[in-house]
$ cat model-v4.cif   # mmCIF, C-alpha atoms and all ligand atoms
data_work
loop_
_atom_site.group_PDB
_atom_site.id
_atom_site.type_symbol
_atom_site.label_atom_id
_atom_site.label_comp_id
_atom_site.auth_asym_id
_atom_site.auth_seq_id
_atom_site.Cartn_x
_atom_site.Cartn_y
_atom_site.Cartn_z
ATOM 1 C CA MET A 1 -3.704 -9.630 18.693
ATOM 2 C CA THR A 2 -1.946 -7.083 20.918
ATOM 3 C CA HIS A 3 -1.799 -3.350 20.340
ATOM 4 C CA SER A 4 -0.074 -0.453 22.075
ATOM 5 C CA THR A 5 -0.754 3.264 22.228
ATOM 6 C CA PRO A 6 -0.035 5.311 19.035
ATOM 7 C CA SER A 7 3.340 7.043 18.873
ATOM 8 C CA PRO A 8 3.462 10.669 20.082
ATOM 9 C CA GLU A 9 5.091 11.461 16.701
ATOM 10 C CA ASP A 10 1.728 10.903 15.038
ATOM 11 C CA PRO A 11 -0.749 13.729 14.609
ATOM 12 C CA ALA A 12 -3.882 13.719 16.754
ATOM 13 C CA PRO A 13 -6.514 11.453 15.179
ATOM 14 C CA GLN A 14 -8.497 13.312 12.507
ATOM 15 C CA ARG A 15 -11.426 11.557 10.941
ATOM 16 C CA ASN A 16 -12.265 14.195 8.331
ATOM 17 C CA HIS A 17 -9.534 13.784 5.724
ATOM 18 C CA ILE A 18 -10.511 13.601 2.063
ATOM 19 C CA ARG A 19 -10.794 9.970 1.051
ATOM 20 C CA SER A 20 -8.955 8.547 -1.936
ATOM 21 C CA PHE A 21 -11.799 6.112 -2.677
ATOM 22 C CA VAL A 22 -15.569 6.022 -3.017
ATOM 23 C CA LEU A 23 -17.166 2.931 -1.511
ATOM 24 C CA ARG A 24 -19.315 1.387 -4.221
ATOM 25 C CA GLN A 25 -21.851 -1.349 -3.586
ATOM 26 C CA GLY A 26 -19.902 -3.712 -5.884
ATOM 27 C CA ARG A 27 -21.395 -7.184 -6.299
ATOM 28 C CA VAL A 28 -19.759 -9.773 -4.099
ATOM 29 C CA SER A 29 -19.789 -13.214 -5.727
ATOM 30 C CA ASN A 30 -20.731 -16.278 -3.684
ATOM 31 C CA ALA A 31 -17.127 -17.489 -3.793
ATOM 32 C CA GLN A 32 -15.770 -14.090 -2.661
ATOM 33 C CA GLN A 33 -18.285 -14.045 0.197
ATOM 34 C CA ARG A 34 -17.365 -17.591 1.247
ATOM 35 C CA TYR A 35 -13.626 -16.876 1.237
ATOM 36 C CA TYR A 36 -14.290 -13.583 3.018
ATOM 37 C CA ASP A 37 -16.305 -15.265 5.784
ATOM 38 C CA GLU A 38 -13.808 -18.075 6.234
ATOM 39 C CA GLY A 39 -10.636 -16.043 5.657
ATOM 40 C CA MET A 40 -11.184 -12.833 7.621
ATOM 41 C CA PRO A 41 -10.998 -14.517 11.057
ATOM 42 C CA ARG A 42 -7.718 -16.231 10.002
ATOM 43 C CA TRP A 43 -5.890 -13.677 7.888
ATOM 44 C CA GLY A 44 -7.743 -10.423 8.515
ATOM 45 C CA ILE A 45 -6.431 -7.770 10.889
ATOM 46 C CA VAL A 46 -9.132 -5.576 12.382
ATOM 47 C CA TYR A 47 -8.442 -1.828 12.172
ATOM 48 C CA GLN A 48 -7.879 -0.259 15.585
ATOM 49 C CA PRO A 49 -6.402 3.138 16.467
ATOM 50 C CA ALA A 50 -3.448 1.425 18.178
ATOM 51 C CA LEU A 51 -0.037 0.244 16.970
ATOM 52 C CA LEU A 52 0.132 -3.293 15.615
ATOM 53 C CA ASP A 53 2.226 -5.882 17.401
ATOM 54 C CA LEU A 54 3.812 -7.474 14.328
ATOM 55 C CA SER A 55 5.313 -10.487 16.042
ATOM 56 C CA GLY A 56 1.813 -11.253 17.367
ATOM 57 C CA VAL A 57 0.417 -11.002 13.811
ATOM 58 C CA PHE A 58 2.900 -13.211 11.973
ATOM 59 C CA GLY A 59 4.663 -15.105 14.715
ATOM 60 C CA THR A 60 7.934 -14.478 12.841
ATOM 61 C CA HIS A 61 10.355 -11.554 12.517
ATOM 62 C CA ALA A 62 10.767 -10.823 8.829
ATOM 63 C CA PRO A 63 10.988 -7.631 6.767
ATOM 64 C CA LEU A 64 7.479 -6.212 6.399
ATOM 65 C CA ILE A 65 6.070 -4.877 3.124
ATOM 66 C CA LEU A 66 2.824 -2.885 3.109
ATOM 67 C CA GLU A 67 0.679 -2.765 -0.031
ATOM 68 C CA ILE A 68 -1.932 -0.030 -0.336
ATOM 69 C CA GLY A 69 -4.900 -0.687 -2.641
ATOM 70 C CA CYS A 70 -4.528 -4.379 -3.542
ATOM 71 C CA GLY A 71 -7.566 -4.404 -5.861
ATOM 72 C CA MET A 72 -8.421 -8.066 -6.518
ATOM 73 C CA GLY A 73 -5.136 -9.123 -4.938
ATOM 74 C CA GLU A 74 -3.622 -11.363 -7.640
ATOM 75 C CA THR A 75 -0.436 -9.287 -7.813
ATOM 76 C CA THR A 76 -0.227 -9.030 -4.021
ATOM 77 C CA ALA A 77 -0.450 -12.812 -3.690
ATOM 78 C CA MET A 78 2.029 -13.460 -6.526
ATOM 79 C CA ILE A 79 4.593 -11.191 -4.875
ATOM 80 C CA ALA A 80 4.059 -12.729 -1.416
ATOM 81 C CA ALA A 81 4.438 -16.226 -2.896
ATOM 82 C CA ALA A 82 7.648 -15.247 -4.703
ATOM 83 C CA ARG A 83 9.152 -13.574 -1.600
ATOM 84 C CA PRO A 84 8.598 -15.988 1.319
ATOM 85 C CA GLU A 85 11.415 -14.298 3.277
ATOM 86 C CA CYS A 86 9.195 -11.206 3.743
ATOM 87 C CA ASN A 87 5.863 -10.635 5.477
ATOM 88 C CA PHE A 88 3.137 -8.662 3.685
ATOM 89 C CA ILE A 89 0.088 -6.687 4.754
ATOM 90 C CA GLY A 90 -2.356 -5.745 2.003
ATOM 91 C CA ILE A 91 -4.839 -2.920 2.566
ATOM 92 C CA GLU A 92 -8.015 -2.653 0.509
ATOM 93 C CA VAL A 93 -11.442 -1.153 1.195
ATOM 94 C CA HIS A 94 -13.674 -3.005 -1.269
ATOM 95 C CA THR A 95 -15.213 -6.271 -0.083
ATOM 96 C CA PRO A 96 -15.086 -8.106 -3.465
ATOM 97 C CA GLY A 97 -11.342 -7.395 -3.677
ATOM 98 C CA VAL A 98 -10.749 -8.460 -0.080
ATOM 99 C CA GLY A 99 -12.714 -11.690 -0.750
ATOM 100 C CA SER A 100 -10.564 -12.374 -3.836
ATOM 101 C CA LEU A 101 -7.347 -11.677 -1.944
ATOM 102 C CA LEU A 102 -8.436 -14.064 0.830
ATOM 103 C CA LYS A 103 -9.135 -16.692 -1.831
ATOM 104 C CA GLU A 104 -5.573 -16.264 -3.142
ATOM 105 C CA ILE A 105 -4.178 -16.636 0.377
ATOM 106 C CA ALA A 106 -6.203 -19.811 0.975
ATOM 107 C CA THR A 107 -5.538 -21.499 -2.360
ATOM 108 C CA ARG A 108 -1.835 -20.625 -2.442
ATOM 109 C CA GLU A 109 -1.520 -21.504 1.273
ATOM 110 C CA LEU A 110 0.350 -18.265 1.997
ATOM 111 C CA ASN A 111 1.382 -17.771 5.598
ATOM 112 C CA ASN A 112 3.204 -14.449 5.035
ATOM 113 C CA LEU A 113 0.249 -12.304 3.912
ATOM 114 C CA ARG A 114 -2.468 -10.592 5.983
ATOM 115 C CA VAL A 115 -5.290 -8.217 5.027
ATOM 116 C CA ILE A 116 -6.713 -5.034 6.521
ATOM 117 C CA GLN A 117 -10.042 -3.752 5.146
ATOM 118 C CA HIS A 118 -9.883 -0.084 6.018
ATOM 119 C CA ASP A 119 -8.767 3.312 4.720
ATOM 120 C CA ALA A 120 -4.977 3.010 4.336
ATOM 121 C CA VAL A 121 -4.466 6.615 5.414
ATOM 122 C CA GLU A 122 -5.848 5.761 8.862
ATOM 123 C CA VAL A 123 -4.082 2.387 9.016
ATOM 124 C CA VAL A 124 -0.710 4.022 8.336
ATOM 125 C CA ARG A 125 -1.376 6.866 10.755
ATOM 126 C CA ASP A 126 -2.660 4.751 13.639
ATOM 127 C CA MET A 127 -1.291 1.201 13.326
ATOM 128 C CA ILE A 128 2.192 1.313 11.795
ATOM 129 C CA ALA A 129 5.062 2.375 14.034
ATOM 130 C CA PRO A 130 7.786 4.702 12.681
ATOM 131 C CA GLY A 131 10.806 2.989 11.118
ATOM 132 C CA THR A 132 9.216 -0.460 10.811
ATOM 133 C CA LEU A 133 8.538 -1.045 7.102
ATOM 134 C CA ALA A 134 11.023 -2.615 4.702
ATOM 135 C CA GLY A 135 8.878 -1.566 1.760
ATOM 136 C CA ILE A 136 5.642 0.040 0.592
ATOM 137 C CA HIS A 137 3.867 -0.860 -2.660
ATOM 138 C CA ILE A 138 1.223 1.373 -4.238
ATOM 139 C CA PHE A 139 0.414 -0.023 -7.660
ATOM 140 C CA PHE A 140 -1.945 1.864 -9.981
ATOM 141 C CA PRO A 141 -3.640 4.018 -7.341
ATOM 142 C CA ASP A 142 -6.835 5.672 -8.594
ATOM 143 C CA PRO A 143 -5.610 8.547 -10.798
ATOM 144 C CA TRP A 144 -8.574 10.875 -10.139
ATOM 145 C CA PRO A 145 -7.960 12.509 -13.542
ATOM 146 C CA LYS A 146 -10.274 15.545 -13.180
ATOM 147 C CA LYS A 147 -8.476 18.544 -11.708
ATOM 148 C CA ARG A 148 -11.181 19.169 -9.114
ATOM 149 C CA HIS A 149 -10.605 15.601 -7.822
ATOM 150 C CA HIS A 150 -6.801 15.802 -7.573
ATOM 151 C CA LYS A 151 -7.158 16.385 -3.822
ATOM 152 C CA ARG A 152 -8.370 12.775 -3.574
ATOM 153 C CA ARG A 153 -5.095 11.351 -4.888
ATOM 154 C CA LEU A 154 -3.166 9.259 -2.382
ATOM 155 C CA ILE A 155 0.214 10.628 -3.380
ATOM 156 C CA GLN A 156 0.266 14.011 -1.638
ATOM 157 C CA PRO A 157 3.160 15.541 0.353
ATOM 158 C CA ALA A 158 1.567 15.049 3.817
ATOM 159 C CA PHE A 159 0.749 11.367 3.276
ATOM 160 C CA VAL A 160 4.088 10.638 1.613
ATOM 161 C CA HIS A 161 5.809 12.151 4.666
ATOM 162 C CA GLN A 162 3.811 9.830 6.923
ATOM 163 C CA LEU A 163 4.801 6.871 4.730
ATOM 164 C CA ALA A 164 8.471 7.896 4.687
ATOM 165 C CA LEU A 165 8.506 8.121 8.510
ATOM 166 C CA ARG A 166 7.345 4.522 8.712
ATOM 167 C CA LEU A 167 10.075 3.165 6.457
ATOM 168 C CA ALA A 168 13.111 1.628 8.095
ATOM 169 C CA PRO A 169 16.408 3.225 6.938
ATOM 170 C CA CYS A 170 16.989 2.112 3.330
ATOM 171 C CA GLY A 171 13.417 0.795 3.137
ATOM 172 C CA TYR A 172 11.761 1.503 -0.226
ATOM 173 C CA ILE A 173 8.520 2.958 -1.528
ATOM 174 C CA HIS A 174 7.431 1.815 -4.969
ATOM 175 C CA CYS A 175 4.549 3.351 -6.921
ATOM 176 C CA ALA A 176 3.438 2.554 -10.432
ATOM 177 C CA THR A 177 0.832 4.260 -12.594
ATOM 178 C CA ASP A 178 -0.419 4.308 -16.176
ATOM 179 C CA TRP A 179 -1.399 7.980 -15.887
ATOM 180 C CA GLU A 180 1.499 10.152 -17.060
ATOM 181 C CA GLU A 181 0.476 13.333 -15.292
ATOM 182 C CA TYR A 182 0.058 11.429 -11.990
ATOM 183 C CA ALA A 183 3.465 9.787 -12.586
ATOM 184 C CA LEU A 184 5.019 13.262 -12.814
ATOM 185 C CA GLN A 185 3.210 14.287 -9.607
ATOM 186 C CA MET A 186 4.591 11.169 -7.863
ATOM 187 C CA LEU A 187 8.109 12.035 -8.960
ATOM 188 C CA GLU A 188 7.712 15.635 -7.810
ATOM 189 C CA VAL A 189 6.181 14.768 -4.410
ATOM 190 C CA PHE A 190 8.741 12.036 -3.653
ATOM 191 C CA SER A 191 11.635 14.260 -4.759
ATOM 192 C CA GLY A 192 10.369 16.978 -2.404
ATOM 193 C CA GLU A 193 10.383 14.652 0.628
ATOM 194 C CA ALA A 194 13.672 15.113 2.493
ATOM 195 C CA LEU A 195 13.553 11.608 4.001
ATOM 196 C CA LEU A 196 13.569 9.969 0.560
ATOM 197 C CA GLN A 197 16.049 9.572 -2.274
ATOM 198 C CA ASN A 198 15.466 8.342 -5.806
ATOM 199 C CA THR A 199 16.863 4.936 -6.808
ATOM 200 C CA ALA A 200 16.972 6.059 -10.440
ATOM 201 C CA ARG A 201 17.396 9.176 -12.513
ATOM 202 C CA GLY A 202 13.723 10.019 -12.815
ATOM 203 C CA PHE A 203 11.516 6.997 -13.449
ATOM 204 C CA ALA A 204 12.721 3.493 -12.590
ATOM 205 C CA LEU A 205 12.630 0.347 -14.677
ATOM 206 C CA ARG A 206 9.950 -2.096 -13.550
ATOM 207 C CA PRO A 207 11.768 -4.412 -11.126
ATOM 208 C CA GLY A 208 11.452 -8.186 -11.562
ATOM 209 C CA TYR A 209 9.349 -8.575 -8.405
ATOM 210 C CA ARG A 210 6.428 -6.517 -9.787
ATOM 211 C CA PRO A 211 4.205 -8.601 -12.093
ATOM 212 C CA GLN A 212 1.856 -6.857 -14.501
ATOM 213 C CA THR A 213 -1.283 -5.930 -12.522
ATOM 214 C CA LYS A 214 -4.932 -6.136 -13.606
ATOM 215 C CA PHE A 215 -5.259 -2.341 -13.905
ATOM 216 C CA GLU A 216 -1.946 -2.146 -15.737
ATOM 217 C CA THR A 217 -3.181 -4.688 -18.307
ATOM 218 C CA ARG A 218 -6.313 -2.587 -18.822
ATOM 219 C CA GLY A 219 -4.250 0.588 -19.165
ATOM 220 C CA LEU A 220 -1.891 -1.013 -21.685
ATOM 221 C CA ARG A 221 -4.892 -2.184 -23.711
ATOM 222 C CA LEU A 222 -6.062 1.431 -23.821
ATOM 223 C CA GLY A 223 -2.640 2.473 -25.129
ATOM 224 C CA HIS A 224 -1.393 4.021 -21.867
ATOM 225 C CA GLY A 225 2.269 3.997 -20.875
ATOM 226 C CA VAL A 226 3.455 2.690 -17.489
ATOM 227 C CA TRP A 227 5.744 4.541 -15.059
ATOM 228 C CA ASP A 228 7.449 3.139 -11.950
ATOM 229 C CA VAL A 229 8.750 5.432 -9.204
ATOM 230 C CA ILE A 230 11.026 3.874 -6.555
ATOM 231 C CA PHE A 231 12.597 5.853 -3.725
ATOM 232 C CA THR A 232 14.388 4.684 -0.573
ATOM 233 C CA ARG A 233 14.528 6.199 2.897
ATOM 234 C CA ARG A 234 17.772 8.071 3.427
ATOM 235 C CA PRO A 235 19.985 7.102 6.328
ATOM 236 C CA ALA A 236 19.324 9.541 9.246
ATOM 237 C CA GLU A 237 22.414 11.743 8.785
ATOM 238 C CA SER A 238 21.926 12.210 5.032
ATOM 239 C CA ALA A 239 18.232 13.161 5.543
ATOM 240 C CA ALA A 240 19.391 15.986 7.836
ATOM 241 C CA THR A 241 21.762 17.376 5.187
ATOM 242 C CA ALA A 242 19.145 17.029 2.401
ATOM 243 C CA ARG A 243 16.807 19.538 4.076
HETATM 244 C C1 LIG A 301 -7.065 1.345 -9.543
HETATM 245 S S1 LIG A 301 -7.136 0.124 -8.293
HETATM 246 C C2 LIG A 301 -5.587 -0.737 -8.470
HETATM 247 C C3 LIG A 301 -5.625 -2.115 -7.870
HETATM 248 C C4 LIG A 301 -4.333 -2.944 -7.993
HETATM 249 N N1 LIG A 301 -3.242 -2.323 -7.258
HETATM 250 C C5 LIG A 301 -3.956 -3.162 -9.433
HETATM 251 O O1 LIG A 301 -2.977 -2.564 -9.897
HETATM 252 O O2 LIG A 301 -4.639 -3.937 -10.117
HETATM 253 C C6 LIG A 301 -6.871 1.069 -6.814
HETATM 254 C C7 LIG A 301 -7.352 0.339 -5.566
HETATM 255 O O3 LIG A 301 -6.977 1.094 -4.416
HETATM 256 C C8 LIG A 301 -8.035 1.001 -3.464
HETATM 257 N N2 LIG A 301 -7.894 2.169 -2.573
HETATM 258 C C9 LIG A 301 -7.944 3.478 -2.931
HETATM 259 N N3 LIG A 301 -7.768 4.271 -1.867
HETATM 260 C C10 LIG A 301 -7.578 3.451 -0.801
HETATM 261 C C11 LIG A 301 -7.366 3.684 0.580
HETATM 262 N N4 LIG A 301 -7.254 4.929 1.071
HETATM 263 N N5 LIG A 301 -7.239 2.633 1.403
HETATM 264 C C12 LIG A 301 -7.326 1.361 0.906
HETATM 265 N N6 LIG A 301 -7.537 1.074 -0.404
HETATM 266 C C13 LIG A 301 -7.672 2.102 -1.246
HETATM 267 C C14 LIG A 301 -9.292 0.991 -4.298
HETATM 268 O O4 LIG A 301 -10.373 0.418 -3.607
HETATM 269 C C15 LIG A 301 -8.851 0.155 -5.507
HETATM 270 O O5 LIG A 301 -9.141 -1.201 -5.329
#

$ encode --input "model-v4.cif" --output "structure tokens"
Amino acid sequence: MTHSTPSPEDPAPQRNHIRSFVLRQGRVSNAQQRYYDEGMPRWGIVYQPALLDLSGVFGTHAPLILEIGCGMGETTAMIAAARPECNFIGIEVHTPGVGSLLKEIATRELNNLRVIQHDAVEVVRDMIAPGTLAGIHIFFPDPWPKKRHHKRRLIQPAFVHQLALRLAPCGYIHCATDWEEYALQMLEVFSGEALLQNTARGFALRPGYRPQTKFETRGLRLGHGVWDVIFTRRPAESAATAR
């Protein structure tokens, strides 16, 4: 796999940002370990602080969708199977989830989905070139409900700006959450990003391509609501006037 030097637009590498996850020693089942061992060399992309050569990764030119925090990966795989005209990269830190996602890729024989096991903040910063993504999915990111933990939330102005820079013009970013107060934060942060515009008035309806996720099912069982937020990258000239 070939890489090139990071874009000068990116900030200097910082390794000390606050992480949006805590690495737990979750149990890895035998099946997850087997699929992990067999699947990582085929479908895994190793994190490197260098831009990804996408044609080297997929061998095809197709719109690229990035998913951050795939969890166990069922939803990621369902979407990739339903949208063969797009390529997908799923990012997840936890080994059991990565093993499950690799199982989905193997059993569904998906050739448009790859996996990176690394902190998505660093993957976006170091590996994804500006203007290259057709879409970004962040479904049910950890809500970090306690106020003193809000700084751990993924959806913050600085990270959303980095994500927006990596969208191609008219590319979309789609978040969903079952935590109302986080949903309002998402709406506020996205609305404050000059590169983005809302596709709806406020929250969006769940589009047909997003199946119900595992965490969503759990949230619904607990009586939570669900909120989708979908913004697109403005064309260059309209972003300048939106400032
Ligand atoms: C609440 S789960 C949701 C999983 C899945 N999207 C779903 O809806 O079922 C959030 C996931 O995001 C992952 N995650 C959180 N921060 C991350 C980061 N910075 N980079 C990669 N994965 C991250 C966690 O490990 C966890 O699996």

$ residues_near_ligand --input "model-v4.cif" --ligand "ligand LIG 301 (chain A)" --cutoff "6 Å" --atoms "all atoms listed in the file" --output "PyMOL selection string"
chain A and resi 20-21+68-71+91-94+118-121+139-142+213-216

$ closest_residue --input "model-v4.cif" --among "A:Ile230, A:Ala168, A:Ala77, A:Val160" --to "Thr107 of chain A" --atoms "all atoms listed in the file"
A:Ala77

$ residues_around --input "model-v4.cif" --residues "segment 57-67 of chain A" --least-positions-apart "3" --cutoff "6 Å" --atoms "all atoms listed in the file" --output "number ranges by chain"
A: 54, 86-90, 133-138

$ write_last_selection --input "model-v4.cif" --atoms "C-alpha atoms" --output "short mmCIF file (atom, residue, chain, number, x, y, z; two decimals), keeping the file's coordinate frame"
data_model
loop_
_atom_site.label_atom_id
_atom_site.label_comp_id
_atom_site.auth_asym_id
_atom_site.auth_seq_id
_atom_site.Cartn_x
_atom_site.Cartn_y
_atom_site.Cartn_z
CA LEU A 54 3.81 -7.47 14.33
CA CYS A 86 9.20 -11.21 3.74
CA ASN A 87 5.86 -10.64 5.48
CA PHE A 88 3.14 -8.66 3.68
CA ILE A 89 0.09 -6.69 4.75
CA GLY A 90 -2.36 -5.74 2.00
CA LEU A 133 8.54 -1.04 7.10
CA ALA A 134 11.02 -2.62 4.70
CA GLY A 135 8.88 -1.57 1.76
CA ILE A 136 5.64 0.04 0.59
CA HIS A 137 3.87 -0.86 -2.66
CA ILE A 138 1.22 1.37 -4.24
#

$ resolve_selection --input "model-v4.cif" --expression "the PyMOL selection byres (((chain A and resi 180-191) around 7) and not hetatm)" --output "PDB file with C-alpha atoms, keeping the file's coordinate frame"
ATOM      1  CA  PRO A 143      -5.610   8.547 -10.798  1.00  0.00           C
ATOM      2  CA  ILE A 155       0.214  10.628  -3.380  1.00  0.00           C
ATOM      3  CA  GLN A 156       0.266  14.011  -1.638  1.00  0.00           C
ATOM      4  CA  PRO A 157       3.160  15.541   0.353  1.00  0.00           C
ATOM      5  CA  THR A 177       0.832   4.260 -12.594  1.00  0.00           C
ATOM      6  CA  ASP A 178      -0.419   4.308 -16.176  1.00  0.00           C
ATOM      7  CA  TRP A 179      -1.399   7.980 -15.887  1.00  0.00           C
ATOM      8  CA  GLY A 192      10.369  16.978  -2.404  1.00  0.00           C
ATOM      9  CA  GLU A 193      10.383  14.652   0.628  1.00  0.00           C
ATOM     10  CA  LEU A 196      13.569   9.969   0.560  1.00  0.00           C
ATOM     11  CA  GLN A 197      16.049   9.572  -2.274  1.00  0.00           C
ATOM     12  CA  TRP A 227       5.744   4.541 -15.059  1.00  0.00           C
ATOM     13  CA  VAL A 229       8.750   5.432  -9.204  1.00  0.00           C
TER      14      VAL A 229
END

$ resolve_selection --input "model-v4.cif" --expression "the PyMOL selection byres (((chain A and resi 167) around 6) and not hetatm)" --output "tab-separated table (two decimals) with C-alpha atoms, in the frame of the given file"
chain	number	residue	atom	x	y	z
A	131	GLY	CA	10.81	2.99	11.12
A	132	THR	CA	9.22	-0.46	10.81
A	133	LEU	CA	8.54	-1.04	7.10
A	164	ALA	CA	8.47	7.90	4.69
A	165	LEU	CA	8.51	8.12	8.51
A	166	ARG	CA	7.34	4.52	8.71
A	168	ALA	CA	13.11	1.63	8.10
A	171	GLY	CA	13.42	0.80	3.14

$ atom_distance --input "model-v4.cif" --atom1 "atom CA of Ala31 of chain A" --atom2 "atom CA of Gly73 of chain A"
14.7 Å

$ closest_residue --input "model-v4.cif" --among "A:Ala82, A:Val28, A:Ile18, A:Leu163" --to "Pro130 of chain A" --atoms "only C-alpha atoms"
A:Leu163

$ decode --input "model-v4.cif" --residues "segment 156-169 of chain A" --atoms "N, CA and C atoms" --output "PDB file, in the first residue's frame"
ATOM      1  N   GLN A 156     -16.994  17.889  18.131  1.00  0.00           N
ATOM      2  CA  GLN A 156     -16.500  19.149  18.684  1.00  0.00           C
ATOM      3  C   GLN A 156     -16.144  20.013  17.482  1.00  0.00           C
ATOM      4  N   PRO A 157     -16.160  21.353  17.622  1.00  0.00           N
ATOM      5  CA  PRO A 157     -15.913  22.208  16.452  1.00  0.00           C
ATOM      6  C   PRO A 157     -14.606  21.884  15.711  1.00  0.00           C
ATOM      7  N   ALA A 158     -13.503  21.670  16.434  1.00  0.00           N
ATOM      8  CA  ALA A 158     -12.205  21.480  15.742  1.00  0.00           C
ATOM      9  C   ALA A 158     -12.221  20.205  14.902  1.00  0.00           C
ATOM     10  N   PHE A 159     -12.777  19.121  15.453  1.00  0.00           N
ATOM     11  CA  PHE A 159     -12.781  17.860  14.698  1.00  0.00           C
ATOM     12  C   PHE A 159     -13.772  17.937  13.531  1.00  0.00           C
ATOM     13  N   VAL A 160     -14.904  18.562  13.767  1.00  0.00           N
ATOM     14  CA  VAL A 160     -15.894  18.701  12.684  1.00  0.00           C
ATOM     15  C   VAL A 160     -15.305  19.532  11.533  1.00  0.00           C
ATOM     16  N   HIS A 161     -14.489  20.523  11.869  1.00  0.00           N
ATOM     17  CA  HIS A 161     -13.832  21.301  10.799  1.00  0.00           C
ATOM     18  C   HIS A 161     -12.881  20.403  10.002  1.00  0.00           C
ATOM     19  N   GLN A 162     -12.128  19.569  10.705  1.00  0.00           N
ATOM     20  CA  GLN A 162     -11.230  18.640  10.005  1.00  0.00           C
ATOM     21  C   GLN A 162     -12.021  17.682   9.105  1.00  0.00           C
ATOM     22  N   LEU A 163     -13.159  17.209   9.601  1.00  0.00           N
ATOM     23  CA  LEU A 163     -14.001  16.317   8.793  1.00  0.00           C
ATOM     24  C   LEU A 163     -14.535  17.053   7.565  1.00  0.00           C
ATOM     25  N   ALA A 164     -15.030  18.279   7.789  1.00  0.00           N
ATOM     26  CA  ALA A 164     -15.621  19.048   6.686  1.00  0.00           C
ATOM     27  C   ALA A 164     -14.591  19.299   5.585  1.00  0.00           C
ATOM     28  N   LEU A 165     -13.335  19.564   5.996  1.00  0.00           N
ATOM     29  CA  LEU A 165     -12.268  19.808   5.001  1.00  0.00           C
ATOM     30  C   LEU A 165     -12.043  18.591   4.113  1.00  0.00           C
ATOM     31  N   ARG A 166     -12.296  17.415   4.648  1.00  0.00           N
ATOM     32  CA  ARG A 166     -12.023  16.192   3.902  1.00  0.00           C
ATOM     33  C   ARG A 166     -13.173  15.750   3.022  1.00  0.00           C
ATOM     34  N   LEU A 167     -14.323  16.418   3.171  1.00  0.00           N
ATOM     35  CA  LEU A 167     -15.450  16.104   2.282  1.00  0.00           C
ATOM     36  C   LEU A 167     -15.221  16.726   0.914  1.00  0.00           C
ATOM     37  N   ALA A 168     -15.599  15.995  -0.123  1.00  0.00           N
ATOM     38  CA  ALA A 168     -15.643  16.581  -1.459  1.00  0.00           C
ATOM     39  C   ALA A 168     -16.820  17.571  -1.474  1.00  0.00           C
ATOM     40  N   PRO A 169     -16.827  18.549  -2.404  1.00  0.00           N
ATOM     41  CA  PRO A 169     -17.986  19.448  -2.485  1.00  0.00           C
ATOM     42  C   PRO A 169     -19.264  18.613  -2.626  1.00  0.00           C
TER      43      PRO A 169
END
